[in-house]
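> The structure is given below, and queries will be raised subsequently.
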2 protein chains.
Amino acid sequence: MLRGLKAGFSLNARLESDSDPVMWLGLCELRLMNDSRWPWLILIPQRPDIVEIHDLTPLDQAMLTFETNMVSQALKAVTGCTKINTGALGNIVRQLHVHVIARNEDDPGWPGPVWGHGVRQPYAPAEAHGFAEKLKAAL
Amino acid sequence: MLRGLKAGFSLNARLESDSDPVMWLGLCELRLMNDSRWPWLILIPQRPDIVEIHDLTPLDQAMLTFETNMVSQALKAVTGCTKINTGALGNIVRQLHVHVIARNEDDPGWPGPVWGHGVRQPYAPAEAHGFAEKLKAAL
């Protein structure tokens, strides 16, 4: 990841192992959480040493909002989900990352949050790839 | 709430009963969740019939980002918390509202999310008022 190295940014190891790259946005790398229970995306701003959204510059905050909402809209269009859940928690992984998740009334844990719910169920590889392609087409 | 009525906006009944008003921001009403387990704020954009953040106009999205981060920074300053948790879920209450919560390693449910965790523990009235005053001073 030359771009990451150049900017002094490196992706947290746990985020890297739990998710797969989808595409680069302007500020963020967009990744797909490797958990087939919910369509679950993560945006990671490519800025070093940022923990809270309010640690970003005002311009980066605006970019993050724009990119998060673009992803949220595409995810809702592709999945036809009941509700988008968005969150930045970071209690376990401190590197700033924003979750965008498609939720439905019959999904695991509804109406509770997805974080900390049960055990991750990895995709079959072709399944994750197919979903990522549909999402990219909608973006 | 004349302002709310004028704009065709009315606060969801559950949000109203579970939280207390702190102040008006530019776009949002800022409210304190009446749960003493965590310092927990809610921003509600005063726009009728909005469910997802991406349903807001781009200008309102920028305003919401600005106000959320202002509140987040003030909450971190006032509480000295380890981590801010921010989220917009809406699986139960569909009216758009953004949570900003101060989290610490020894708080209930750490490092899991607060949503759906146990039973709400209301503040003693003076305690909630004192906290709201400190927060307003920091904003």
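Identifiers for the structure tokens are assigned positionally: chains receive A, B, ... in sequence, residues are indexed from 1 per chain, and ligands are indexed from 1 in the order shown.
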Could you please select, counting only C-alpha atoms, the residues of chain A within 6 Å of chain B and state them as a list in words?
His54, Asn69, Asn85, Thr86, Gly87, Ala88, Leu89, Asn91, Pro111, Gly112 and Gly116 of chain A
> For the residues selected in the previous step, produce a file with N, CA and C atoms as a tab-separated table (two decimals), in the first residue's frame.

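Generated output (part-v6.tsv):
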chain	number	residue	atom	x	y	z
A	54	HIS	N	-13.60	13.99	15.88
A	54	HIS	CA	-13.28	15.41	16.09
A	54	HIS	C	-11.78	15.70	16.11
A	69	ASN	N	-21.93	9.06	3.83
A	69	ASN	CA	-23.31	9.13	3.34
A	69	ASN	C	-23.46	8.57	1.93
A	85	ASN	N	-27.35	1.34	9.97
A	85	ASN	CA	-26.73	1.66	11.27
A	85	ASN	C	-25.34	2.21	11.00
A	86	THR	N	-25.06	3.38	11.54
A	86	THR	CA	-23.74	3.99	11.38
A	86	THR	C	-23.14	4.20	12.76
A	87	GLY	N	-21.86	3.96	12.90
A	87	GLY	CA	-21.24	4.19	14.20
A	87	GLY	C	-19.75	4.26	14.14
A	88	ALA	N	-19.17	5.04	15.07
A	88	ALA	CA	-17.73	5.06	15.29
A	88	ALA	C	-17.55	4.80	16.78
A	89	LEU	N	-17.12	3.60	17.14
A	89	LEU	CA	-16.98	3.25	18.55
A	89	LEU	C	-15.49	3.27	18.93
A	91	ASN	N	-13.78	1.20	20.83
A	91	ASN	CA	-13.41	0.76	22.19
A	91	ASN	C	-12.35	-0.33	22.14
A	111	PRO	N	-33.54	-5.84	17.33
A	111	PRO	CA	-33.11	-4.50	16.91
A	111	PRO	C	-31.85	-4.01	17.65
A	112	GLY	N	-31.14	-4.93	18.27
A	112	GLY	CA	-29.90	-4.54	18.97
A	112	GLY	C	-28.78	-4.23	17.99
A	116	GLY	N	-20.26	-6.79	18.99
A	116	GLY	CA	-20.21	-7.69	20.14
A	116	GLY	C	-21.26	-8.79	20.10
> Could I have chain B as a compact mmCIF listing (two decimals) with N, CA and C atoms, in the first residue's frame after it is superimposed on chain A by least squares, pairing all C-alpha atoms in sequence order?

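Output below, filename superposed_22.txt:
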# COMPACT_ATOMS: atom_id res chain seq x y z
N MET B 1 0.88 -1.28 0.14
CA MET B 1 0.02 -0.09 0.16
C MET B 1 0.91 1.15 0.10
N LEU B 2 1.38 1.52 -1.06
CA LEU B 2 2.29 2.65 -1.20
C LEU B 2 1.67 3.93 -0.68
N ARG B 3 0.38 4.12 -1.07
CA ARG B 3 -0.31 5.34 -0.67
C ARG B 3 -0.32 5.50 0.86
N GLY B 4 -0.64 4.39 1.53
CA GLY B 4 -0.65 4.42 2.99
C GLY B 4 0.72 4.74 3.55
N LEU B 5 1.74 4.09 3.03
CA LEU B 5 3.09 4.29 3.53
C LEU B 5 3.53 5.73 3.34
N LYS B 6 3.20 6.26 2.17
CA LYS B 6 3.59 7.64 1.86
C LYS B 6 3.05 8.62 2.87
N ALA B 7 1.80 8.40 3.31
CA ALA B 7 1.14 9.35 4.20
C ALA B 7 1.46 9.08 5.67
N GLY B 8 2.30 8.08 5.95
CA GLY B 8 2.60 7.75 7.35
C GLY B 8 1.48 6.98 7.99
N PHE B 9 0.55 6.48 7.18
CA PHE B 9 -0.60 5.75 7.69
C PHE B 9 -0.40 4.26 7.50
N SER B 10 -0.71 3.47 8.53
CA SER B 10 -0.78 2.02 8.30
C SER B 10 -2.03 1.48 8.97
N LEU B 11 -2.65 0.55 8.26
CA LEU B 11 -3.94 0.00 8.70
C LEU B 11 -3.73 -0.87 9.94
N ASN B 12 -4.57 -0.71 10.91
CA ASN B 12 -4.56 -1.54 12.11
C ASN B 12 -4.67 -3.03 11.73
N ALA B 13 -3.89 -3.88 12.42
CA ALA B 13 -3.81 -5.30 12.05
C ALA B 13 -5.15 -6.02 12.19
N ARG B 14 -5.92 -5.67 13.20
CA ARG B 14 -7.21 -6.35 13.40
C ARG B 14 -8.22 -5.95 12.32
N LEU B 15 -8.24 -4.65 11.98
CA LEU B 15 -9.12 -4.21 10.89
C LEU B 15 -8.74 -4.92 9.60
N GLU B 16 -7.43 -5.05 9.38
CA GLU B 16 -6.96 -5.69 8.16
C GLU B 16 -7.38 -7.17 8.10
N SER B 17 -7.30 -7.87 9.23
CA SER B 17 -7.60 -9.31 9.20
C SER B 17 -9.11 -9.59 9.19
N ASP B 18 -9.91 -8.67 9.74
CA ASP B 18 -11.36 -8.91 9.82
C ASP B 18 -12.14 -8.42 8.60
N SER B 19 -11.48 -7.70 7.70
CA SER B 19 -12.20 -7.10 6.58
C SER B 19 -11.35 -7.15 5.31
N ASP B 20 -12.02 -6.95 4.15
CA ASP B 20 -11.33 -7.00 2.86
C ASP B 20 -11.51 -5.69 2.12
N PRO B 21 -10.48 -5.27 1.36
CA PRO B 21 -10.58 -3.98 0.67
C PRO B 21 -11.65 -4.00 -0.43
N VAL B 22 -12.39 -2.92 -0.54
CA VAL B 22 -13.37 -2.76 -1.62
C VAL B 22 -12.86 -1.72 -2.63
N MET B 23 -12.54 -0.52 -2.14
CA MET B 23 -12.01 0.51 -3.03
C MET B 23 -11.47 1.68 -2.20
N TRP B 24 -10.72 2.56 -2.87
CA TRP B 24 -10.30 3.82 -2.25
C TRP B 24 -11.33 4.87 -2.55
N LEU B 25 -11.73 5.61 -1.52
CA LEU B 25 -12.55 6.81 -1.72
C LEU B 25 -11.57 7.98 -1.67
N GLY B 26 -12.02 9.20 -1.53
CA GLY B 26 -11.09 10.33 -1.51
C GLY B 26 -10.24 10.37 -0.24
N LEU B 27 -10.89 10.25 0.90
CA LEU B 27 -10.19 10.28 2.19
C LEU B 27 -9.99 8.87 2.75
N CYS B 28 -10.98 8.02 2.55
CA CYS B 28 -11.04 6.74 3.25
C CYS B 28 -10.73 5.56 2.34
N GLU B 29 -10.24 4.48 2.97
CA GLU B 29 -10.33 3.19 2.32
C GLU B 29 -11.65 2.57 2.75
N LEU B 30 -12.38 2.03 1.75
CA LEU B 30 -13.64 1.34 2.03
C LEU B 30 -13.36 -0.15 2.08
N ARG B 31 -13.77 -0.81 3.17
CA ARG B 31 -13.54 -2.25 3.34
C ARG B 31 -14.85 -2.95 3.69
N LEU B 32 -14.92 -4.22 3.33
CA LEU B 32 -16.09 -5.06 3.65
C LEU B 32 -15.74 -5.94 4.84
N MET B 33 -16.52 -5.82 5.92
CA MET B 33 -16.30 -6.70 7.07
C MET B 33 -16.59 -8.14 6.62
N ASN B 34 -15.67 -9.02 6.96
CA ASN B 34 -15.83 -10.42 6.53
C ASN B 34 -16.74 -11.15 7.52
N ASP B 35 -18.02 -10.74 7.48
CA ASP B 35 -19.05 -11.31 8.35
C ASP B 35 -20.35 -11.36 7.55
N SER B 36 -20.73 -12.57 7.16
CA SER B 36 -21.86 -12.72 6.24
C SER B 36 -23.22 -12.51 6.92
N ARG B 37 -23.20 -12.27 8.23
CA ARG B 37 -24.48 -12.10 8.92
C ARG B 37 -25.17 -10.79 8.55
N TRP B 38 -24.38 -9.78 8.26
CA TRP B 38 -24.92 -8.48 7.85
C TRP B 38 -24.04 -7.89 6.75
N PRO B 39 -24.62 -7.18 5.77
CA PRO B 39 -23.80 -6.37 4.85
C PRO B 39 -23.20 -5.22 5.65
N TRP B 40 -21.89 -5.24 5.82
CA TRP B 40 -21.23 -4.41 6.84
C TRP B 40 -19.97 -3.80 6.24
N LEU B 41 -19.97 -2.49 6.09
CA LEU B 41 -18.84 -1.79 5.50
C LEU B 41 -18.11 -0.95 6.54
N ILE B 42 -16.84 -0.71 6.28
CA ILE B 42 -16.02 0.10 7.18
C ILE B 42 -15.25 1.12 6.36
N LEU B 43 -15.30 2.38 6.80
CA LEU B 43 -14.50 3.43 6.17
C LEU B 43 -13.37 3.80 7.11
N ILE B 44 -12.15 3.80 6.60
CA ILE B 44 -10.99 4.15 7.42
C ILE B 44 -10.28 5.36 6.80
N PRO B 45 -10.40 6.53 7.45
CA PRO B 45 -9.69 7.70 6.93
C PRO B 45 -8.17 7.44 6.93
N GLN B 46 -7.52 7.78 5.83
CA GLN B 46 -6.09 7.50 5.67
C GLN B 46 -5.26 8.61 6.31
N ARG B 47 -5.44 8.76 7.59
CA ARG B 47 -4.70 9.77 8.34
C ARG B 47 -4.08 9.09 9.53
N PRO B 48 -2.79 9.34 9.80
CA PRO B 48 -2.14 8.66 10.93
C PRO B 48 -2.60 9.23 12.28
N ASP B 49 -2.65 8.36 13.28
CA ASP B 49 -2.83 8.76 14.68
C ASP B 49 -4.13 9.51 14.98
N ILE B 50 -5.19 9.13 14.28
CA ILE B 50 -6.49 9.76 14.56
C ILE B 50 -7.37 8.75 15.30
N VAL B 51 -7.93 9.17 16.42
CA VAL B 51 -8.76 8.29 17.25
C VAL B 51 -10.23 8.70 17.21
N GLU B 52 -10.50 9.99 17.38
CA GLU B 52 -11.87 10.50 17.39
C GLU B 52 -12.16 11.25 16.09
N ILE B 53 -13.42 11.25 15.68
CA ILE B 53 -13.79 12.01 14.47
C ILE B 53 -13.41 13.48 14.65
N HIS B 54 -13.61 13.99 15.87
CA HIS B 54 -13.29 15.42 16.09
C HIS B 54 -11.79 15.71 16.11
N ASP B 55 -10.94 14.67 16.03
CA ASP B 55 -9.49 14.89 15.87
C ASP B 55 -9.13 15.23 14.41
N LEU B 56 -10.02 14.90 13.48
CA LEU B 56 -9.78 15.24 12.06
C LEU B 56 -9.89 16.75 11.86
N THR B 57 -9.24 17.27 10.82
CA THR B 57 -9.44 18.67 10.46
C THR B 57 -10.89 18.86 10.01
N PRO B 58 -11.39 20.10 10.05
CA PRO B 58 -12.76 20.34 9.58
C PRO B 58 -12.98 19.86 8.14
N LEU B 59 -11.99 20.05 7.28
CA LEU B 59 -12.15 19.60 5.89
C LEU B 59 -12.26 18.08 5.83
N ASP B 60 -11.41 17.38 6.59
CA ASP B 60 -11.49 15.92 6.62
C ASP B 60 -12.82 15.44 7.23
N GLN B 61 -13.30 16.17 8.22
CA GLN B 61 -14.61 15.81 8.80
C GLN B 61 -15.71 15.90 7.74
N ALA B 62 -15.65 16.96 6.93
CA ALA B 62 -16.65 17.12 5.87
C ALA B 62 -16.52 16.01 4.83
N MET B 63 -15.27 15.67 4.49
CA MET B 63 -15.02 14.58 3.53
C MET B 63 -15.56 13.26 4.07
N LEU B 64 -15.29 12.99 5.34
CA LEU B 64 -15.75 11.74 5.95
C LEU B 64 -17.28 11.66 5.93
N THR B 65 -17.93 12.78 6.23
CA THR B 65 -19.40 12.82 6.17
C THR B 65 -19.88 12.52 4.76
N PHE B 66 -19.26 13.17 3.79
CA PHE B 66 -19.66 12.98 2.39
C PHE B 66 -19.48 11.52 1.98
N GLU B 67 -18.33 10.95 2.30
CA GLU B 67 -18.05 9.57 1.88
C GLU B 67 -18.93 8.57 2.64
N THR B 68 -19.15 8.81 3.93
CA THR B 68 -20.00 7.92 4.72
C THR B 68 -21.42 7.89 4.17
N ASN B 69 -21.94 9.07 3.83
CA ASN B 69 -23.31 9.13 3.35
C ASN B 69 -23.45 8.58 1.94
N MET B 70 -22.42 8.73 1.13
CA MET B 70 -22.41 8.13 -0.20
C MET B 70 -22.46 6.61 -0.09
N VAL B 71 -21.65 6.08 0.82
CA VAL B 71 -21.61 4.62 1.03
C VAL B 71 -22.93 4.13 1.62
N SER B 72 -23.47 4.88 2.55
CA SER B 72 -24.73 4.53 3.20
C SER B 72 -25.87 4.45 2.18
N GLN B 73 -25.92 5.43 1.30
CA GLN B 73 -26.96 5.47 0.27
C GLN B 73 -26.80 4.30 -0.71
N ALA B 74 -25.57 4.02 -1.10
CA ALA B 74 -25.32 2.89 -2.02
C ALA B 74 -25.67 1.56 -1.35
N LEU B 75 -25.32 1.42 -0.09
CA LEU B 75 -25.60 0.18 0.64
C LEU B 75 -27.10 -0.04 0.77
N LYS B 76 -27.82 1.04 1.03
CA LYS B 76 -29.29 0.92 1.14
C LYS B 76 -29.89 0.56 -0.22
N ALA B 77 -29.37 1.16 -1.29
CA ALA B 77 -29.88 0.87 -2.64
C ALA B 77 -29.61 -0.58 -3.03
N VAL B 78 -28.42 -1.07 -2.73
CA VAL B 78 -28.03 -2.42 -3.14
C VAL B 78 -28.76 -3.48 -2.33
N THR B 79 -28.94 -3.23 -1.03
CA THR B 79 -29.52 -4.26 -0.16
C THR B 79 -31.03 -4.11 0.03
N GLY B 80 -31.58 -2.90 -0.19
CA GLY B 80 -32.98 -2.66 0.14
C GLY B 80 -33.28 -2.86 1.61
N CYS B 81 -32.30 -2.59 2.46
CA CYS B 81 -32.45 -2.85 3.91
C CYS B 81 -33.47 -1.93 4.55
N THR B 82 -33.91 -2.32 5.75
CA THR B 82 -34.86 -1.52 6.52
C THR B 82 -34.19 -0.28 7.09
N LYS B 83 -32.97 -0.44 7.59
CA LYS B 83 -32.32 0.66 8.31
C LYS B 83 -30.81 0.56 8.18
N ILE B 84 -30.18 1.70 7.98
CA ILE B 84 -28.73 1.77 8.04
C ILE B 84 -28.32 2.06 9.49
N ASN B 85 -27.34 1.33 9.97
CA ASN B 85 -26.73 1.66 11.27
C ASN B 85 -25.34 2.21 11.00
N THR B 86 -25.06 3.39 11.54
CA THR B 86 -23.74 4.00 11.38
C THR B 86 -23.14 4.22 12.76
N GLY B 87 -21.85 3.96 12.90
CA GLY B 87 -21.25 4.19 14.20
C GLY B 87 -19.74 4.27 14.15
N ALA B 88 -19.19 5.04 15.07
CA ALA B 88 -17.74 5.05 15.29
C ALA B 88 -17.55 4.81 16.78
N LEU B 89 -17.12 3.60 17.14
CA LEU B 89 -16.98 3.24 18.55
C LEU B 89 -15.51 3.27 18.94
N GLY B 90 -14.73 2.27 18.46
CA GLY B 90 -13.30 2.30 18.71
C GLY B 90 -12.90 1.90 20.12
N ASN B 91 -13.77 1.21 20.83
CA ASN B 91 -13.41 0.77 22.18
C ASN B 91 -12.35 -0.32 22.14
N ILE B 92 -12.33 -1.11 21.09
CA ILE B 92 -11.35 -2.19 20.95
C ILE B 92 -10.21 -1.76 20.02
N VAL B 93 -10.55 -1.34 18.80
CA VAL B 93 -9.55 -0.84 17.85
C VAL B 93 -9.60 0.68 17.85
N ARG B 94 -8.52 1.34 18.29
CA ARG B 94 -8.57 2.79 18.46
C ARG B 94 -8.41 3.57 17.15
N GLN B 95 -7.77 2.98 16.16
CA GLN B 95 -7.63 3.69 14.88
C GLN B 95 -9.03 4.04 14.35
N LEU B 96 -9.24 5.32 14.02
CA LEU B 96 -10.58 5.77 13.63
C LEU B 96 -11.12 4.97 12.44
N HIS B 97 -12.31 4.42 12.62
CA HIS B 97 -13.00 3.71 11.54
C HIS B 97 -14.50 3.87 11.76
N VAL B 98 -15.22 4.00 10.66
CA VAL B 98 -16.67 4.24 10.72
C VAL B 98 -17.39 3.04 10.12
N HIS B 99 -18.32 2.49 10.88
CA HIS B 99 -19.11 1.34 10.43
C HIS B 99 -20.38 1.81 9.71
N VAL B 100 -20.72 1.16 8.62
CA VAL B 100 -22.00 1.40 7.94
C VAL B 100 -22.59 0.02 7.66
N ILE B 101 -23.73 -0.28 8.30
CA ILE B 101 -24.26 -1.64 8.28
C ILE B 101 -25.71 -1.62 7.82
N ALA B 102 -26.06 -2.59 6.97
CA ALA B 102 -27.45 -2.73 6.51
C ALA B 102 -28.19 -3.67 7.46
N ARG B 103 -29.28 -3.19 8.03
CA ARG B 103 -30.04 -3.98 9.01
C ARG B 103 -31.46 -4.28 8.52
N ASN B 104 -31.97 -5.43 8.93
CA ASN B 104 -33.32 -5.86 8.60
C ASN B 104 -33.98 -6.50 9.82
N GLU B 105 -35.30 -6.46 9.83
CA GLU B 105 -36.06 -6.95 11.00
C GLU B 105 -35.74 -8.40 11.35
N ASP B 106 -35.36 -9.20 10.38
CA ASP B 106 -35.14 -10.63 10.67
C ASP B 106 -33.65 -10.98 10.75
N ASP B 107 -32.80 -9.98 10.91
CA ASP B 107 -31.36 -10.31 10.93
C ASP B 107 -30.89 -10.63 12.36
N PRO B 108 -29.71 -11.24 12.52
CA PRO B 108 -29.24 -11.63 13.85
C PRO B 108 -29.11 -10.41 14.77
N GLY B 109 -29.76 -10.51 15.93
CA GLY B 109 -29.61 -9.47 16.94
C GLY B 109 -30.55 -8.29 16.81
N TRP B 110 -31.32 -8.21 15.72
CA TRP B 110 -32.28 -7.10 15.56
C TRP B 110 -33.19 -7.02 16.78
N PRO B 111 -33.52 -5.84 17.32
CA PRO B 111 -33.10 -4.51 16.89
C PRO B 111 -31.84 -4.03 17.63
N GLY B 112 -31.13 -4.93 18.26
CA GLY B 112 -29.91 -4.54 18.97
C GLY B 112 -28.78 -4.23 18.00
N PRO B 113 -27.67 -3.71 18.50
CA PRO B 113 -26.52 -3.40 17.64
C PRO B 113 -25.77 -4.66 17.23
N VAL B 114 -24.99 -4.57 16.17
CA VAL B 114 -24.22 -5.73 15.69
C VAL B 114 -22.93 -5.93 16.49
N TRP B 115 -22.39 -4.84 17.04
CA TRP B 115 -21.08 -4.93 17.70
C TRP B 115 -21.16 -5.83 18.93
N GLY B 116 -20.26 -6.78 18.98
CA GLY B 116 -20.22 -7.69 20.13
C GLY B 116 -21.26 -8.78 20.10
N HIS B 117 -22.03 -8.88 19.00
CA HIS B 117 -23.08 -9.89 18.92
C HIS B 117 -22.54 -11.20 18.35
N GLY B 118 -22.50 -12.24 19.15
CA GLY B 118 -22.16 -13.58 18.67
C GLY B 118 -20.80 -13.66 18.00
N VAL B 119 -20.67 -14.59 17.07
CA VAL B 119 -19.38 -14.90 16.46
C VAL B 119 -19.44 -14.59 14.95
N ARG B 120 -18.39 -13.95 14.46
CA ARG B 120 -18.26 -13.59 13.06
C ARG B 120 -18.39 -14.83 12.17
N GLN B 121 -19.17 -14.71 11.08
CA GLN B 121 -19.33 -15.83 10.14
C GLN B 121 -18.78 -15.42 8.78
N PRO B 122 -17.53 -15.81 8.48
CA PRO B 122 -16.90 -15.38 7.23
C PRO B 122 -17.73 -15.75 6.00
N TYR B 123 -17.61 -14.93 4.97
CA TYR B 123 -18.21 -15.21 3.66
C TYR B 123 -17.48 -16.35 2.95
N ALA B 124 -18.18 -17.03 2.06
CA ALA B 124 -17.50 -17.78 1.01
C ALA B 124 -16.85 -16.73 0.10
N PRO B 125 -15.60 -16.95 -0.36
CA PRO B 125 -14.87 -15.89 -1.09
C PRO B 125 -15.65 -15.29 -2.27
N ALA B 126 -16.29 -16.11 -3.08
CA ALA B 126 -17.00 -15.60 -4.25
C ALA B 126 -18.16 -14.69 -3.84
N GLU B 127 -18.76 -15.02 -2.73
CA GLU B 127 -19.91 -14.27 -2.23
C GLU B 127 -19.49 -12.84 -1.85
N ALA B 128 -18.40 -12.71 -1.12
CA ALA B 128 -17.91 -11.39 -0.72
C ALA B 128 -17.53 -10.58 -1.95
N HIS B 129 -16.87 -11.22 -2.90
CA HIS B 129 -16.45 -10.53 -4.12
C HIS B 129 -17.66 -10.02 -4.90
N GLY B 130 -18.68 -10.86 -5.03
CA GLY B 130 -19.89 -10.47 -5.75
C GLY B 130 -20.57 -9.28 -5.11
N PHE B 131 -20.63 -9.30 -3.79
CA PHE B 131 -21.26 -8.19 -3.08
C PHE B 131 -20.47 -6.89 -3.28
N ALA B 132 -19.15 -6.99 -3.16
CA ALA B 132 -18.29 -5.81 -3.34
C ALA B 132 -18.47 -5.23 -4.74
N GLU B 133 -18.61 -6.09 -5.74
CA GLU B 133 -18.78 -5.60 -7.12
C GLU B 133 -20.10 -4.86 -7.29
N LYS B 134 -21.17 -5.40 -6.71
CA LYS B 134 -22.48 -4.73 -6.77
C LYS B 134 -22.42 -3.35 -6.11
N LEU B 135 -21.72 -3.32 -4.99
CA LEU B 135 -21.62 -2.06 -4.25
C LEU B 135 -20.82 -1.02 -5.05
N LYS B 136 -19.73 -1.47 -5.63
CA LYS B 136 -18.90 -0.54 -6.42
C LYS B 136 -19.70 0.04 -7.58
N ALA B 137 -20.54 -0.81 -8.19
CA ALA B 137 -21.37 -0.33 -9.31
C ALA B 137 -22.35 0.74 -8.84
N ALA B 138 -22.79 0.63 -7.59
CA ALA B 138 -23.78 1.60 -7.07
C ALA B 138 -23.12 2.90 -6.58
N LEU B 139 -21.81 2.86 -6.41
CA LEU B 139 -21.14 4.05 -5.86
C LEU B 139 -20.79 5.06 -6.96
> Check chain B with DSSP on the backbone and list each residue it calls helix (DSSP H, G or I), as number ranges by chain.
B: 2-6, 13-18, 53-55, 58-79, 125-138
> Out of chain A, which residues get strand (DSSP E or B) from DSSP, as a ChimeraX atom specification?
/A:19-24,28-33,40-45,83-88,98-103
